[in-house]
file model_18.cif (mmCIF, C-alpha atoms)
data_structure
#
loop_
_atom_site.group_PDB
_atom_site.id
_atom_site.type_symbol
_atom_site.label_atom_id
_atom_site.label_comp_id
_atom_site.auth_asym_id
_atom_site.auth_seq_id
_atom_site.Cartn_x
_atom_site.Cartn_y
_atom_site.Cartn_z
ATOM 1 C CA MET A 237 183.054 116.704 126.366
ATOM 2 C CA SER A 238 179.705 115.869 124.944
ATOM 3 C CA ALA A 239 179.574 112.482 123.261
ATOM 4 C CA THR A 240 176.982 113.627 120.763
ATOM 5 C CA PRO A 241 178.189 116.301 118.367
ATOM 6 C CA SER A 242 175.575 118.768 117.305
ATOM 7 C CA LEU A 243 174.609 119.358 113.716
ATOM 8 C CA ASP A 244 175.158 123.072 114.376
ATOM 9 C CA HIS A 245 178.895 122.554 114.669
ATOM 10 C CA GLU A 246 179.215 120.995 111.254
ATOM 11 C CA PRO A 247 179.980 122.932 108.086
ATOM 12 C CA ALA A 248 176.772 123.733 106.257
ATOM 13 C CA GLU A 249 178.114 122.141 103.090
ATOM 14 C CA LYS A 250 178.683 118.770 104.683
ATOM 15 C CA THR A 251 176.641 116.021 103.105
ATOM 16 C CA PHE A 252 176.424 112.339 103.838
ATOM 17 C CA ASN A 253 176.118 109.440 101.484
ATOM 18 C CA ASN A 254 173.674 106.605 101.687
ATOM 19 C CA LEU A 255 171.443 108.096 104.367
ATOM 20 C CA TYR A 256 168.428 105.998 105.219
ATOM 21 C CA ALA A 257 165.340 108.081 105.997
ATOM 22 C CA GLN A 258 163.886 106.912 109.291
ATOM 23 C CA VAL A 259 160.193 107.380 108.706
ATOM 24 C CA PRO A 260 157.760 107.100 111.645
ATOM 25 C CA LEU A 261 155.185 104.387 110.987
ATOM 26 C CA ALA A 262 152.315 106.874 111.161
ATOM 27 C CA PHE A 263 153.882 109.207 108.602
ATOM 28 C CA ALA A 264 151.618 107.952 105.807
ATOM 29 C CA HIS A 265 148.623 109.182 107.804
ATOM 30 C CA ASP A 266 149.984 112.691 108.319
ATOM 31 C CA THR A 267 147.293 115.319 107.796
ATOM 32 C CA ARG A 268 149.681 117.320 105.639
ATOM 33 C CA VAL A 269 149.462 114.607 102.987
ATOM 34 C CA VAL A 270 145.736 115.221 102.648
ATOM 35 C CA VAL A 271 146.346 118.969 102.397
ATOM 36 C CA LEU A 272 148.938 118.391 99.662
ATOM 37 C CA GLN A 273 146.531 116.113 97.815
ATOM 38 C CA GLN A 274 143.815 118.751 97.929
ATOM 39 C CA GLU A 275 146.147 121.592 96.957
ATOM 40 C CA LEU A 276 147.327 119.727 93.878
ATOM 41 C CA GLY A 277 143.957 118.168 93.069
ATOM 42 C CA LEU A 278 145.395 114.669 93.045
ATOM 43 C CA PRO A 279 142.934 111.779 92.871
ATOM 44 C CA ARG A 280 144.518 109.598 95.548
ATOM 45 C CA ARG A 281 146.301 110.193 98.832
ATOM 46 C CA ARG A 282 148.908 107.744 97.565
ATOM 47 C CA ASP A 283 149.839 110.167 94.762
ATOM 48 C CA ALA A 284 150.574 112.944 97.244
ATOM 49 C CA LEU A 285 152.435 110.603 99.551
ATOM 50 C CA GLY A 286 154.640 109.469 96.673
ATOM 51 C CA LEU A 287 155.660 113.044 95.951
ATOM 52 C CA VAL A 288 156.590 113.550 99.582
ATOM 53 C CA PHE A 289 158.753 110.427 99.748
ATOM 54 C CA GLN A 290 160.493 111.281 96.481
ATOM 55 C CA LEU A 291 161.241 114.714 97.915
ATOM 56 C CA LEU A 292 162.520 113.431 101.242
ATOM 57 C CA LEU A 293 164.720 110.705 99.747
ATOM 58 C CA TRP A 294 166.260 113.214 97.348
ATOM 59 C CA GLY A 295 166.647 115.959 99.940
ATOM 60 C CA GLY A 296 168.135 113.756 102.613
ATOM 61 C CA ASN A 297 171.032 112.755 100.460
ATOM 62 C CA SER A 298 171.678 115.856 98.424
ATOM 63 C CA ARG A 299 170.644 118.873 100.487
ATOM 64 C CA PRO A 300 172.747 119.624 103.579
ATOM 65 C CA GLU A 301 170.480 120.125 106.565
ATOM 66 C CA GLY A 302 167.510 120.101 104.236
ATOM 67 C CA ARG A 303 168.179 123.600 102.933
ATOM 68 C CA LEU A 304 166.470 124.606 99.699
ATOM 69 C CA ASP A 305 168.098 127.987 99.189
ATOM 70 C CA PHE A 306 169.932 127.292 95.957
ATOM 71 C CA GLN A 307 169.274 128.542 92.457
ATOM 72 C CA HIS A 308 166.369 126.943 90.579
ATOM 73 C CA ALA A 309 165.321 125.111 93.734
ATOM 74 C CA LYS A 310 161.710 124.918 92.535
ATOM 75 C CA ARG A 311 162.721 123.174 89.336
ATOM 76 C CA HIS A 312 165.014 120.791 91.199
ATOM 77 C CA VAL A 313 162.233 119.919 93.620
ATOM 78 C CA ALA A 314 159.864 119.286 90.723
ATOM 79 C CA GLY A 315 162.480 117.076 89.087
ATOM 80 C CA ALA A 316 163.064 115.139 92.300
ATOM 81 C CA CYS A 317 159.316 114.545 92.613
ATOM 82 C CA GLU A 318 159.078 113.534 88.942
ATOM 83 C CA TRP A 319 156.501 116.282 88.608
ATOM 84 C CA ASN A 320 155.924 116.850 84.936
ATOM 85 C CA SER A 321 154.471 119.811 83.106
ATOM 86 C CA ALA A 322 151.218 117.972 82.379
ATOM 87 C CA GLU A 323 150.497 117.884 86.111
ATOM 88 C CA GLY A 324 151.339 121.523 86.753
ATOM 89 C CA THR A 325 154.210 123.960 86.994
ATOM 90 C CA PRO A 326 157.137 123.616 89.417
ATOM 91 C CA GLU A 327 155.850 126.755 91.133
ATOM 92 C CA GLN A 328 152.460 125.140 91.761
ATOM 93 C CA LEU A 329 154.119 122.107 93.315
ATOM 94 C CA TRP A 330 156.353 124.331 95.449
ATOM 95 C CA GLU A 331 153.424 126.406 96.678
ATOM 96 C CA ALA A 332 151.451 123.270 97.553
ATOM 97 C CA LEU A 333 154.416 121.833 99.462
ATOM 98 C CA VAL A 334 154.774 125.115 101.376
ATOM 99 C CA THR A 335 151.039 125.334 102.094
ATOM 100 C CA SER A 336 150.875 121.743 103.300
ATOM 101 C CA GLY A 337 153.954 122.224 105.479
ATOM 102 C CA PHE A 338 156.434 119.854 103.851
ATOM 103 C CA ILE A 339 158.614 122.848 102.968
ATOM 104 C CA VAL A 340 159.032 125.413 105.720
ATOM 105 C CA SER A 341 160.694 128.818 105.829
ATOM 106 C CA ASP A 342 162.402 130.785 108.565
ATOM 107 C CA GLY A 343 161.813 134.019 106.686
ATOM 108 C CA GLU A 344 165.034 133.854 104.673
ATOM 109 C CA THR A 345 165.639 130.239 103.761
ATOM 110 C CA HIS A 346 163.375 127.375 102.843
ATOM 111 C CA TYR A 347 163.940 123.976 104.399
ATOM 112 C CA LEU A 348 162.566 120.492 104.072
ATOM 113 C CA ALA A 349 160.285 119.970 107.042
ATOM 114 C CA ASP A 350 161.062 117.035 109.335
ATOM 115 C CA TRP A 351 164.589 116.798 107.972
ATOM 116 C CA ASP A 352 166.112 116.510 111.426
ATOM 117 C CA ARG A 353 163.442 114.077 112.586
ATOM 118 C CA LEU A 354 164.049 111.802 109.578
ATOM 119 C CA PHE A 355 167.796 112.102 109.123
ATOM 120 C CA GLY A 356 169.123 113.819 112.251
ATOM 121 C CA ALA A 357 169.563 110.689 114.355
ATOM 122 C CA VAL A 358 171.501 108.896 111.608
ATOM 123 C CA ILE A 359 173.737 111.900 110.999
ATOM 124 C CA ARG A 360 174.425 112.452 114.687
ATOM 125 C CA LYS A 361 175.389 108.783 115.001
ATOM 126 C CA ARG A 362 177.744 109.076 112.072
ATOM 127 C CA LEU A 363 179.290 112.243 113.488
ATOM 128 C CA ALA A 364 179.775 110.525 116.821
ATOM 129 C CA ASP A 365 181.368 107.517 115.091
ATOM 130 C CA SER A 366 183.732 109.675 113.071
ATOM 131 C CA ALA A 367 184.664 111.720 116.174
ATOM 132 C CA ARG A 368 185.468 108.510 118.044
ATOM 133 C CA LYS A 369 187.870 107.273 115.342
ATOM 134 C CA MET B 27 150.721 72.429 113.552
ATOM 135 C CA GLU B 28 148.515 73.389 116.421
ATOM 136 C CA ALA B 29 149.963 76.868 116.424
ATOM 137 C CA ASN B 30 148.964 77.265 112.781
ATOM 138 C CA THR B 31 145.384 76.209 113.293
ATOM 139 C CA ALA B 32 145.107 78.451 116.315
ATOM 140 C CA ARG B 33 146.325 81.468 114.368
ATOM 141 C CA LEU B 34 143.958 84.397 114.497
ATOM 142 C CA ALA B 35 142.230 85.258 111.277
ATOM 143 C CA PRO B 36 144.132 88.171 109.799
ATOM 144 C CA GLY B 37 142.363 91.436 109.413
ATOM 145 C CA THR B 38 139.485 90.544 111.647
ATOM 146 C CA ILE B 39 140.977 91.085 115.072
ATOM 147 C CA PRO B 40 141.851 94.606 116.241
ATOM 148 C CA ALA B 41 145.573 95.077 116.782
ATOM 149 C CA ARG B 42 145.188 95.544 120.539
ATOM 150 C CA GLN B 43 143.578 92.103 120.893
ATOM 151 C CA ARG B 44 146.240 90.250 118.917
ATOM 152 C CA PRO B 45 149.140 88.705 120.738
ATOM 153 C CA VAL B 46 152.026 91.126 120.436
ATOM 154 C CA PRO B 47 155.289 89.450 119.466
ATOM 155 C CA PRO B 48 157.812 89.778 122.251
ATOM 156 C CA ARG B 49 160.412 92.505 121.752
ATOM 157 C CA TRP B 50 158.352 94.111 119.026
ATOM 158 C CA ARG B 51 159.448 97.693 119.324
ATOM 159 C CA PHE B 52 159.590 98.850 115.756
ATOM 160 C CA THR B 53 158.560 102.472 115.565
ATOM 161 C CA ARG B 54 160.175 103.511 112.311
ATOM 162 C CA LEU B 55 160.827 102.351 108.812
ATOM 163 C CA ALA B 56 164.270 103.046 107.383
ATOM 164 C CA LEU B 57 164.034 103.769 103.664
ATOM 165 C CA SER B 58 167.035 103.256 101.430
ATOM 166 C CA PRO B 59 168.169 106.414 99.625
ATOM 167 C CA GLY B 60 167.985 104.491 96.357
ATOM 168 C CA LEU B 61 164.443 103.296 96.962
ATOM 169 C CA SER B 62 162.790 105.725 94.554
ATOM 170 C CA ASP B 63 164.983 104.460 91.707
ATOM 171 C CA HIS B 64 164.861 100.808 92.672
ATOM 172 C CA PRO B 65 164.087 98.504 89.710
ATOM 173 C CA ARG B 66 161.415 96.674 91.694
ATOM 174 C CA VAL B 67 159.567 99.934 92.311
ATOM 175 C CA HIS B 68 159.628 100.731 88.607
ATOM 176 C CA ARG B 69 158.473 97.233 87.643
ATOM 177 C CA LEU B 70 155.689 97.372 90.226
ATOM 178 C CA ALA B 71 154.580 100.737 88.845
ATOM 179 C CA GLU B 72 154.612 99.403 85.310
ATOM 180 C CA THR B 73 152.643 96.280 86.196
ATOM 181 C CA LEU B 74 150.004 98.158 88.166
ATOM 182 C CA GLY B 75 149.803 101.129 85.807
ATOM 183 C CA LEU B 76 150.898 103.595 88.490
ATOM 184 C CA SER B 77 153.472 106.357 88.472
ATOM 185 C CA SER B 78 156.777 105.513 90.135
ATOM 186 C CA SER B 79 156.042 107.816 93.034
ATOM 187 C CA SER B 80 152.630 106.212 93.590
ATOM 188 C CA ALA B 81 154.197 102.753 93.573
ATOM 189 C CA LEU B 82 156.759 104.007 96.075
ATOM 190 C CA ALA B 83 153.988 105.319 98.317
ATOM 191 C CA LEU B 84 152.055 102.057 97.998
ATOM 192 C CA LEU B 85 155.075 100.103 99.186
ATOM 193 C CA VAL B 86 155.722 102.401 102.123
ATOM 194 C CA GLN B 87 152.045 102.130 103.084
ATOM 195 C CA LEU B 88 152.349 98.345 102.959
ATOM 196 C CA TRP B 89 155.516 98.194 105.062
ATOM 197 C CA SER B 90 154.591 100.812 107.620
ATOM 198 C CA GLY B 91 151.009 99.541 107.866
ATOM 199 C CA ALA B 92 152.142 95.980 108.554
ATOM 200 C CA LEU B 93 154.634 97.164 111.175
ATOM 201 C CA ARG B 94 152.090 99.472 112.765
ATOM 202 C CA GLU B 95 149.584 96.645 113.028
ATOM 203 C CA ARG B 96 152.367 94.413 114.366
ATOM 204 C CA GLN B 97 151.594 91.711 111.862
ATOM 205 C CA THR B 98 153.875 91.045 108.918
ATOM 206 C CA GLY B 99 152.830 87.443 108.266
ATOM 207 C CA GLY B 100 149.606 85.486 107.838
ATOM 208 C CA LEU B 101 148.032 88.308 105.883
ATOM 209 C CA ALA B 102 144.991 87.677 103.708
ATOM 210 C CA PRO B 103 144.701 89.416 100.307
ATOM 211 C CA ALA B 104 141.908 91.677 101.551
ATOM 212 C CA TYR B 105 144.044 92.777 104.473
ATOM 213 C CA LEU B 106 147.031 93.427 102.217
ATOM 214 C CA ALA B 107 144.870 95.513 99.901
ATOM 215 C CA ALA B 108 143.626 97.526 102.868
ATOM 216 C CA LEU B 109 147.182 98.156 104.047
ATOM 217 C CA CYS B 110 148.055 99.420 100.555
ATOM 218 C CA ASP B 111 144.901 101.541 100.416
ATOM 219 C CA TRP B 112 144.029 99.624 97.253
ATOM 220 C CA THR B 113 140.383 99.936 96.260
ATOM 221 C CA ASP B 114 138.244 98.462 93.495
ATOM 222 C CA SER B 115 138.702 101.638 91.483
ATOM 223 C CA ASP B 116 142.441 100.885 91.319
ATOM 224 C CA GLY B 117 141.763 97.503 89.730
ATOM 225 C CA PRO B 118 141.198 93.916 90.826
ATOM 226 C CA ARG B 119 142.778 93.027 94.126
ATOM 227 C CA GLY B 120 144.337 89.986 92.474
ATOM 228 C CA ASN B 121 146.428 92.239 90.245
ATOM 229 C CA LEU B 122 147.958 93.929 93.275
ATOM 230 C CA ILE B 123 148.737 90.623 94.992
ATOM 231 C CA ALA B 124 150.183 89.101 91.815
ATOM 232 C CA ALA B 125 152.390 92.140 91.195
ATOM 233 C CA LEU B 126 153.685 92.161 94.780
ATOM 234 C CA VAL B 127 154.416 88.427 94.636
ATOM 235 C CA GLU B 128 156.136 88.789 91.254
ATOM 236 C CA GLN B 129 158.471 91.445 92.650
ATOM 237 C CA ARG B 130 159.045 89.322 95.780
ATOM 238 C CA LEU B 131 157.674 92.048 98.023
ATOM 239 C CA ILE B 132 155.287 89.586 99.618
ATOM 240 C CA GLU B 133 155.670 85.827 99.877
ATOM 241 C CA ARG B 134 152.971 83.158 99.889
ATOM 242 C CA GLU B 135 152.975 81.169 103.103
ATOM 243 C CA ARG B 136 152.624 77.412 103.261
ATOM 244 C CA SER B 137 149.025 77.237 104.290
ATOM 245 C CA PRO B 138 145.833 75.926 102.694
ATOM 246 C CA GLU B 139 144.314 79.388 102.547
ATOM 247 C CA PRO B 140 146.092 82.179 100.652
ATOM 248 C CA LEU B 141 148.120 83.968 103.293
ATOM 249 C CA PHE B 142 151.162 86.120 102.660
ATOM 250 C CA ARG B 143 154.165 87.502 104.476
ATOM 251 C CA VAL B 144 155.493 91.001 103.849
ATOM 252 C CA GLN B 145 159.130 91.103 102.756
ATOM 253 C CA PHE B 146 161.621 93.826 103.657
ATOM 254 C CA PRO B 147 164.414 93.611 101.055
ATOM 255 C CA ARG B 148 167.569 94.983 102.645
ATOM 256 C CA ASP B 149 168.324 97.299 99.761
ATOM 257 C CA MET B 150 164.851 98.845 99.961
ATOM 258 C CA ALA B 151 163.672 99.216 103.544
ATOM 259 C CA ARG B 152 164.099 97.763 106.985
ATOM 260 C CA PRO B 153 162.205 98.091 110.250
ATOM 261 C CA CYS B 154 164.030 99.952 112.978
ATOM 262 C CA ARG B 155 163.442 101.073 116.563
#

call {"tool": "encode", "arguments": {"input": "model_18.cif", "output": "structure tokens"}}
result
Amino acid sequence: MSATPSLDHEPAEKTFNNLYAQVPLAFAHDTRVVVLQQELGLPRRRDALGLVFQLLLWGGNSRPEGRLDFQHAKRHVAGACEWNSAEGTPEQLWEALVTSGFIVSDGETHYLADWDRLFGAVIRKRLADSARK
Amino acid sequence: MEANTARLAPGTIPARQRPVPPRWRFTRLALSPGLSDHPRVHRLAETLGLSSSSALALLVQLWSGALRERQTGGLAPAYLAALCDWTDSDGPRGNLIAALVEQRLIERERSPEPLFRVQFPRDMARPCR
């Protein structure tokens, strides 16, 4: 029996509380941040990076497996990023996140990119712990 | 005392030439899920005139930059500003340092010259391997 349960075997609705995002140290220098900054016309890279972290911290703890296939997802994403109407529409933010690669699609469903890289290890550990008990 | 005087000037020596602390294997920064709503982030944003998300990004740049450079203590203000990507157009460097000290995100070290140590509050972020 494998000691490490796979995420695939878990119900899609399962969520976890208090998940810490494990961010690689070089994440702030990801090229996608520059693309997002340019797409949204933001003055500083820091502004784009802030949007990304807001999105990831929200998504990690409220979206199972990083899925963004629910109703009004664009508005929820804009709310999570504290993106207000003065800066642009939720659709503009969504498009920029897709273009820069922070939201990815498999053709049917949109997902938060890097979700497994940032949260997968923590979730797998928790699944293994709960299976052991 | 000798160790203090022999300390390398921060920000002037490339990371590869600095002595690497033994067992330093931090490759990731674990961010608390409540970080974006943390009161210290909001107060930092207010003090510096930034949006909350920009203040959040500034902090993550500070933490991950310090860990990446393998130096979380003995940091000069100019070095801290560089880690935070803080330029003159953002405001005086002193404002940034004062705001970070006020929120206890950096701590002044006991040294004649102004050197600081980056803090990792447990309810905000922690280094991990």

call {"tool": "resolve_selection", "arguments": {"input": "model_18.cif", "expression": "the PyMOL selection byres ((chain B and resi 109) around 10)", "output": "ChimeraX atom specification"}}
result
/B:37,84-92,95,103-108,110-112

call {"tool": "write_last_selection", "arguments": {"input": "model_18.cif", "atoms": "C-alpha atoms", "output": "mmCIF file, in the frame of the given file"}}
result
data_model
loop_
_atom_site.group_PDB
_atom_site.id
_atom_site.type_symbol
_atom_site.label_atom_id
_atom_site.label_comp_id
_atom_site.auth_asym_id
_atom_site.auth_seq_id
_atom_site.Cartn_x
_atom_site.Cartn_y
_atom_site.Cartn_z
ATOM 1 C CA GLY B 37 142.363 91.436 109.413
ATOM 2 C CA LEU B 84 152.055 102.057 97.998
ATOM 3 C CA LEU B 85 155.075 100.103 99.186
ATOM 4 C CA VAL B 86 155.722 102.401 102.123
ATOM 5 C CA GLN B 87 152.045 102.130 103.084
ATOM 6 C CA LEU B 88 152.349 98.345 102.959
ATOM 7 C CA TRP B 89 155.516 98.194 105.062
ATOM 8 C CA SER B 90 154.591 100.812 107.620
ATOM 9 C CA GLY B 91 151.009 99.541 107.866
ATOM 10 C CA ALA B 92 152.142 95.980 108.554
ATOM 11 C CA GLU B 95 149.584 96.645 113.028
ATOM 12 C CA PRO B 103 144.701 89.416 100.307
ATOM 13 C CA ALA B 104 141.908 91.677 101.551
ATOM 14 C CA TYR B 105 144.044 92.777 104.473
ATOM 15 C CA LEU B 106 147.031 93.427 102.217
ATOM 16 C CA ALA B 107 144.870 95.513 99.901
ATOM 17 C CA ALA B 108 143.626 97.526 102.868
ATOM 18 C CA CYS B 110 148.055 99.420 100.555
ATOM 19 C CA ASP B 111 144.901 101.541 100.416
ATOM 20 C CA TRP B 112 144.029 99.624 97.253
#

call {"tool": "interface_residues", "arguments": {"input": "model_18.cif", "of": "chain A", "to": "chain B", "cutoff": "10 Å", "atoms": "all atoms listed in the file", "output": "PyMOL selection string"}}
result
chain A and resi 253-265+280-297+316-319+354-355

call {"tool": "atom_distance", "arguments": {"input": "model_18.cif", "atom1": "CA of Ser341 (chain A)", "atom2": "CA of Ala357 (chain A)"}}
result
21.9 Å

call {"tool": "atom_distance", "arguments": {"input": "model_18.cif", "atom1": "CA of Gln307 (chain A)", "atom2": "CA of Gly337 (chain A)"}}
result
21.1 Å

call {"tool": "residues_around", "arguments": {"input": "model_18.cif", "residues": "Glu301 (chain A)", "least_positions_apart": "3", "cutoff": "8 Å", "atoms": "all atoms listed in the file", "output": "list in words"}}
result
Ala248, Gly296, Tyr347, Trp351 and Asp352 of chain A

call {"tool": "residues_around", "arguments": {"input": "model_18.cif", "residues": "Phe338 (chain A)", "least_positions_apart": "5", "cutoff": "7 Å", "atoms": "only C-alpha atoms", "output": "VMD selection string"}}
result
chain A and resid 333 348 to 349

call {"tool": "atom_distance", "arguments": {"input": "model_18.cif", "atom1": "CA of Glu275 (chain A)", "atom2": "CA of Gln328 (chain A)"}}
result
8.9 Å

call {"tool": "resolve_selection", "arguments": {"input": "model_18.cif", "expression": "the PyMOL selection byres ((chain A and resi 311) around 12)", "output": "PyMOL selection string"}}
result
chain A and resi 304+306-310+312-321+324-330

call {"tool": "axis_aligned_box", "arguments": {"input": "model_18.cif", "around": "region 143-155 of chain B", "padding_each_side": "8 Å", "output": "JSON"}}
result
{"center_x": 161.2, "center_y": 94.3, "center_z": 108.2, "size_x": 30.2, "size_y": 29.6, "size_z": 32.8}

call {"tool": "resolve_selection", "arguments": {"input": "model_18.cif", "expression": "the PyMOL selection byres ((chain B and resi 122) around 10)", "output": "JSON, numbers by chain"}}
result
{"B": [70, 73, 74, 103, 106, 107, 110, 112, 116, 117, 118, 119, 120, 121, 123, 124, 125, 126, 127, 128]}
